[in-house]
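Beneath this line is the structure, given in structure tokens, with notes to follow.
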Number of protein chains: 2
Amino acid sequence: MTTKTPAVPEKTSARERLLAAAAELFYMEGINTVGIDRVIERAGVAKASLYNTFGSKDELIQAYLTAKHEAREQRVQKRLSGLASAREKILAVFDDQCEVARKKDFRGCAFIRASAELGAENGIRGVCDASRGWLRGLFKDLATQGGARDPATLARQLELLYEGAAVSWQPDAAGSASKVAREAAVCLLASGGVRTSG
Amino acid sequence: MTTKTPAVPEKTSARERLLAAAAELFYMEGINTVGIDRVIERAGVAKASLYNTFGSKDELIQAYLTAKHEAREQRVQKRLSGLASAREKILAVFDDQCEVARKKDFRGCAFIRASAELGAENGIRGVCDASRGWLRGLFKDLATQGGARDPATLARQLELLYEGAAVSWQPDAAGSASKVAREAAVCLLASGGVRTSG
DNA sequence: ACGTAAGTATACAGATCGGTCTACTATCGT
DNA sequence: ACGATAGTAGACCGATCTGTATACTTACGT
């Protein structure tokens, strides 16, 4: 039936297969360098199916990023739900990043890379901004709960650490950047008034 | 003579005009989205001149990034030379970033964006890594001079802040990310054993 | 049983891209 | 005066990219 590497779970809908293939290829090799033909070949799907489902490459990219954002949001929320203190929750965000960065296919933050590849243009930047806004809001809420003296500033500082770690990763020392960021976060939390027992 | 917007100082060599045009266009609009024709039009130069001088688009990109790296290195070194303590010098790196980020044409870190746009591929990533390595070495030397307990870790933390600020800039609040990073750096320096009088 | 919806396979259009090639021109050092 | 050097102008090539159009096939609900 399929002539070349589908590499994506079969017998699901064309939409899901396309999203899975797009996630793999766009993230690993870049959005601009991967053409439509590569995506449909990987998905094992006809070109017409792509354009019937998404309408354009831009919308496929947008759907891919949105899915990635929602997946991260749910994953992090789930992790935080088991923790008691705001301080633990903040540090757990860095733990989550560390785990993700340890996987062998890690290539840095998908949103930062997508933002860099695209001009100001379309709604794709909107998805990236939304992702960043969610992270900042999460940090701010937790900083407030933890009793920080200046939650907004502390949240911004934590965000800088998080994004710095997402950007300055190294293929060899996987996850080490996140650990360094976590250490720095501990320091900033102490200095910002978020105590251990918070 | 020239038919369209040269927008680059005339009567300099074709090489310089090409580098200036490449710097503007590649940085503002992205490397992949700007074609050769746009560059030579902006430079007011013939296409053959580009290929006689640089040989390929890749080498032009490499030359553009190398020039940008050297410019930053010299600018920072000059700024640091007037300062006495290691602590002041470290903070001055963030001050420099803040000044750069305040300029209206700021679009984030050119090296991070270039890295994101390109695959693993060519020597271009090498320039980006060199730029990051230089920054890390600078922080490490200064941390050592300042008497930090763990200079390597402190340097990595500072690097995360720096790159985080370079990535999470916002068009409106220009330079604010660098200020936040500077504040966080002050905290990390104090906690790392680099004292005010150092 | 049959029509509808979803999907397949493939050829093709139009644009753009990086890069080559030819032919011409201006400037400058000796 | 003249040859070397550096540059200009623009046609052109092959590859590739997004997107469209055509014609066929399967699966399923009623």
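A note on labels: chains of the structure tokens are A, B, ... as shown, every chain counts residues from 1, and ligands are counted from 1 in their shown order.
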Review point. Any idea what's packed within 12 Å of B:Trp134, counting only C-alpha atoms (C1' of nucleotides), ignoring anything in its chain fewer than 6 positions away? Could you give it as a ChimeraX atom specification?
Key: /B:69-70,72-74,76-77,127-128,140-141,155,159
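For B:Ala22, the residues within 8 Å (counting only C-alpha atoms (C1' of nucleotides), excluding itself and residues fewer than 6 positions away along the chain) are B:Val39, B:Leu60, B:Ile61, B:Tyr64.
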Quiz prompt | Distance query B:Asp58 at most 10 Å, only C-alpha atoms (C1' of nucleotides), self and fewer than 4 positions along chain excluded, as number ranges by chain | solution = B: 31, 54, 62-64, 122-124
When you count only C-alpha atoms (C1' of nucleotides), which of these residues is closest to chain B: C:DG7, C:DC24, C:DC17, C:DG29?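 Of all the options, C:DC17 lies closest to chain B.
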Determine, using only C-alpha atoms (C1' of nucleotides), which residues of chain A have any atom at most 12 Å from an atom of chain D, and tabulate each with its shortest atom pair and distance in Å to one decimal place, rows ordered by chain and then rising number, as JSON lines.
{"residue": "A:Asn32", "atom": "CA", "partner": "D:DC17", "partner_atom": "C1'", "distance": 10.1}
{"residue": "A:Thr33", "atom": "CA", "partner": "D:DC17", "partner_atom": "C1'", "distance": 10.0}
{"residue": "A:Val34", "atom": "CA", "partner": "D:DC17", "partner_atom": "C1'", "distance": 9.9}
{"residue": "A:Gly35", "atom": "CA", "partner": "D:DC17", "partner_atom": "C1'", "distance": 7.0}
{"residue": "A:Ile36", "atom": "CA", "partner": "D:DT18", "partner_atom": "C1'", "distance": 7.7}
{"residue": "A:Asp37", "atom": "CA", "partner": "D:DC17", "partner_atom": "C1'", "distance": 9.2}
{"residue": "A:Arg38", "atom": "CA", "partner": "D:DC17", "partner_atom": "C1'", "distance": 11.3}
{"residue": "A:Lys47", "atom": "CA", "partner": "D:DG19", "partner_atom": "C1'", "distance": 9.7}
{"residue": "A:Ala48", "atom": "CA", "partner": "D:DT20", "partner_atom": "C1'", "distance": 9.2}
{"residue": "A:Leu50", "atom": "CA", "partner": "D:DG19", "partner_atom": "C1'", "distance": 10.8}
{"residue": "A:Tyr51", "atom": "CA", "partner": "D:DG19", "partner_atom": "C1'", "distance": 8.4}
{"residue": "A:Asn52", "atom": "CA", "partner": "D:DG19", "partner_atom": "C1'", "distance": 11.5}
{"residue": "A:Gly55", "atom": "CA", "partner": "D:DG19", "partner_atom": "C1'", "distance": 9.4}
{"residue": "A:Ser56", "atom": "CA", "partner": "D:DG19", "partner_atom": "C1'", "distance": 8.0}
{"residue": "A:Lys57", "atom": "CA", "partner": "D:DT18", "partner_atom": "C1'", "distance": 7.9}
{"residue": "A:Asp58", "atom": "CA", "partner": "D:DT18", "partner_atom": "C1'", "distance": 10.4}
**Item:** Between atom CA of B:Gly119 and atom CA of B:Arg136 - distance in Å to one decimal
**Value:**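 Computed distance, atom CA of B:Arg136 to atom CA of B:Gly119, equals 23.1 Å.
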List the spatial neighbours of B:Lys103 as a PDB file with C-alpha atoms, in the first residue's frame - criterion: any atom at most 12 Å away, only C-alpha atoms (C1' of nucleotides), same-chain residues fewer than 6 positions off excluded.
ATOM      1  CA  ASP B  96      25.692  46.586  26.900  1.00  0.00           C
ATOM      2  CA  GLN B  97      22.951  44.153  25.979  1.00  0.00           C
ATOM      3  CA  PRO B 171       8.930  44.956  20.673  1.00  0.00           C
ATOM      4  CA  ASP B 172       7.314  47.373  23.087  1.00  0.00           C
ATOM      5  CA  ALA B 173       9.371  47.147  26.283  1.00  0.00           C
ATOM      6  CA  ALA B 174      12.765  47.355  24.630  1.00  0.00           C
ATOM      7  CA  GLY B 175      15.647  46.521  26.910  1.00  0.00           C
TER       8      GLY B 175
END
Could you list, with a cut-off of 10 Å and counting only C-alpha atoms (C1' of nucleotides), the residues of chain C near chain B, each shown with its nearest atom pair and the distance in Å rounded to one decimal, rows sorted by chain and ascending number, as CSV?
residue,atom,partner,partner_atom,distance
C:DT16,C1',B:Gly35,CA,8.8
C:DC17,C1',B:Gly35,CA,7.1
C:DG18,C1',B:Ile36,CA,7.5
C:DG19,C1',B:Ser56,CA,8.0
C:DT20,C1',B:Ala48,CA,9.1
C:DC21,C1',B:Ala48,CA,9.7
Output N, CA and C atoms (P, O5', C5', C4', C3', O3' and C1' of nucleotides) for every residue in that selection, as a PDB file, in the first residue's frame.
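Okay, this is what ended up in part-v9.pdb:
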ATOM      1  P    DT C  16       7.597  35.527  -7.428  1.00  0.00           P
ATOM      2  O5'  DT C  16       8.771  34.647  -6.782  1.00  0.00           O
ATOM      3  C5'  DT C  16       8.455  33.680  -5.790  1.00  0.00           C
ATOM      4  C4'  DT C  16       9.716  32.911  -5.426  1.00  0.00           C
ATOM      5  C3'  DT C  16      10.991  33.760  -5.540  1.00  0.00           C
ATOM      6  O3'  DT C  16      11.772  33.559  -4.377  1.00  0.00           O
ATOM      7  C1'  DT C  16      11.239  31.741  -6.722  1.00  0.00           C
ATOM      8  P    DC C  17      12.981  34.527  -4.040  1.00  0.00           P
ATOM      9  O5'  DC C  17      14.110  33.494  -3.653  1.00  0.00           O
ATOM     10  C5'  DC C  17      13.754  32.196  -3.138  1.00  0.00           C
ATOM     11  C4'  DC C  17      14.767  31.173  -3.590  1.00  0.00           C
ATOM     12  C3'  DC C  17      16.147  31.757  -3.810  1.00  0.00           C
ATOM     13  O3'  DC C  17      16.949  31.554  -2.660  1.00  0.00           O
ATOM     14  C1'  DC C  17      15.528  30.214  -5.553  1.00  0.00           C
ATOM     15  P    DG C  18      18.323  32.387  -2.558  1.00  0.00           P
ATOM     16  O5'  DG C  18      19.372  31.407  -3.221  1.00  0.00           O
ATOM     17  C5'  DG C  18      19.538  30.109  -2.685  1.00  0.00           C
ATOM     18  C4'  DG C  18      20.445  29.294  -3.560  1.00  0.00           C
ATOM     19  C3'  DG C  18      21.854  29.867  -3.747  1.00  0.00           C
ATOM     20  O3'  DG C  18      22.795  28.806  -3.734  1.00  0.00           O
ATOM     21  C1'  DG C  18      20.782  29.706  -5.860  1.00  0.00           C
ATOM     22  P    DG C  19      24.357  29.222  -3.722  1.00  0.00           P
ATOM     23  O5'  DG C  19      24.717  29.226  -5.266  1.00  0.00           O
ATOM     24  C5'  DG C  19      24.414  28.051  -6.026  1.00  0.00           C
ATOM     25  C4'  DG C  19      24.655  28.307  -7.503  1.00  0.00           C
ATOM     26  C3'  DG C  19      25.952  29.051  -7.853  1.00  0.00           C
ATOM     27  O3'  DG C  19      26.772  28.169  -8.608  1.00  0.00           O
ATOM     28  C1'  DG C  19      24.103  29.839  -9.118  1.00  0.00           C
ATOM     29  P    DT C  20      28.149  28.646  -9.233  1.00  0.00           P
ATOM     30  O5'  DT C  20      27.811  28.857 -10.781  1.00  0.00           O
ATOM     31  C5'  DT C  20      27.154  27.828 -11.497  1.00  0.00           C
ATOM     32  C4'  DT C  20      26.982  28.230 -12.959  1.00  0.00           C
ATOM     33  C3'  DT C  20      28.249  28.776 -13.622  1.00  0.00           C
ATOM     34  O3'  DT C  20      28.429  28.104 -14.852  1.00  0.00           O
ATOM     35  C1'  DT C  20      26.444  30.281 -13.953  1.00  0.00           C
ATOM     36  P    DC C  21      29.828  28.258 -15.634  1.00  0.00           P
ATOM     37  O5'  DC C  21      29.428  29.260 -16.804  1.00  0.00           O
ATOM     38  C5'  DC C  21      28.152  29.121 -17.427  1.00  0.00           C
ATOM     39  C4'  DC C  21      27.911  30.288 -18.373  1.00  0.00           C
ATOM     40  C3'  DC C  21      29.188  30.931 -18.924  1.00  0.00           C
ATOM     41  O3'  DC C  21      29.165  30.901 -20.334  1.00  0.00           O
ATOM     42  C1'  DC C  21      27.692  32.587 -18.037  1.00  0.00           C
TER      43       DC C  21
END
If the cut-off is 9 Å, can you tell me the residues of chain B near chain A, counting only C-alpha atoms? I'd like them as a VMD selection string. chain B and resid 28 to 33 112 to 120 132 153 to 154 156 to 157 159 to 168 177 180 to 181 183 to 184 187 to 188 191
Backbone DSSP call of alpha helix (DSSP H) for stretch 89-187 of chain B, listed as a ChimeraX atom specification:
/B:89-102,110-117,124-145,151-167,176-187
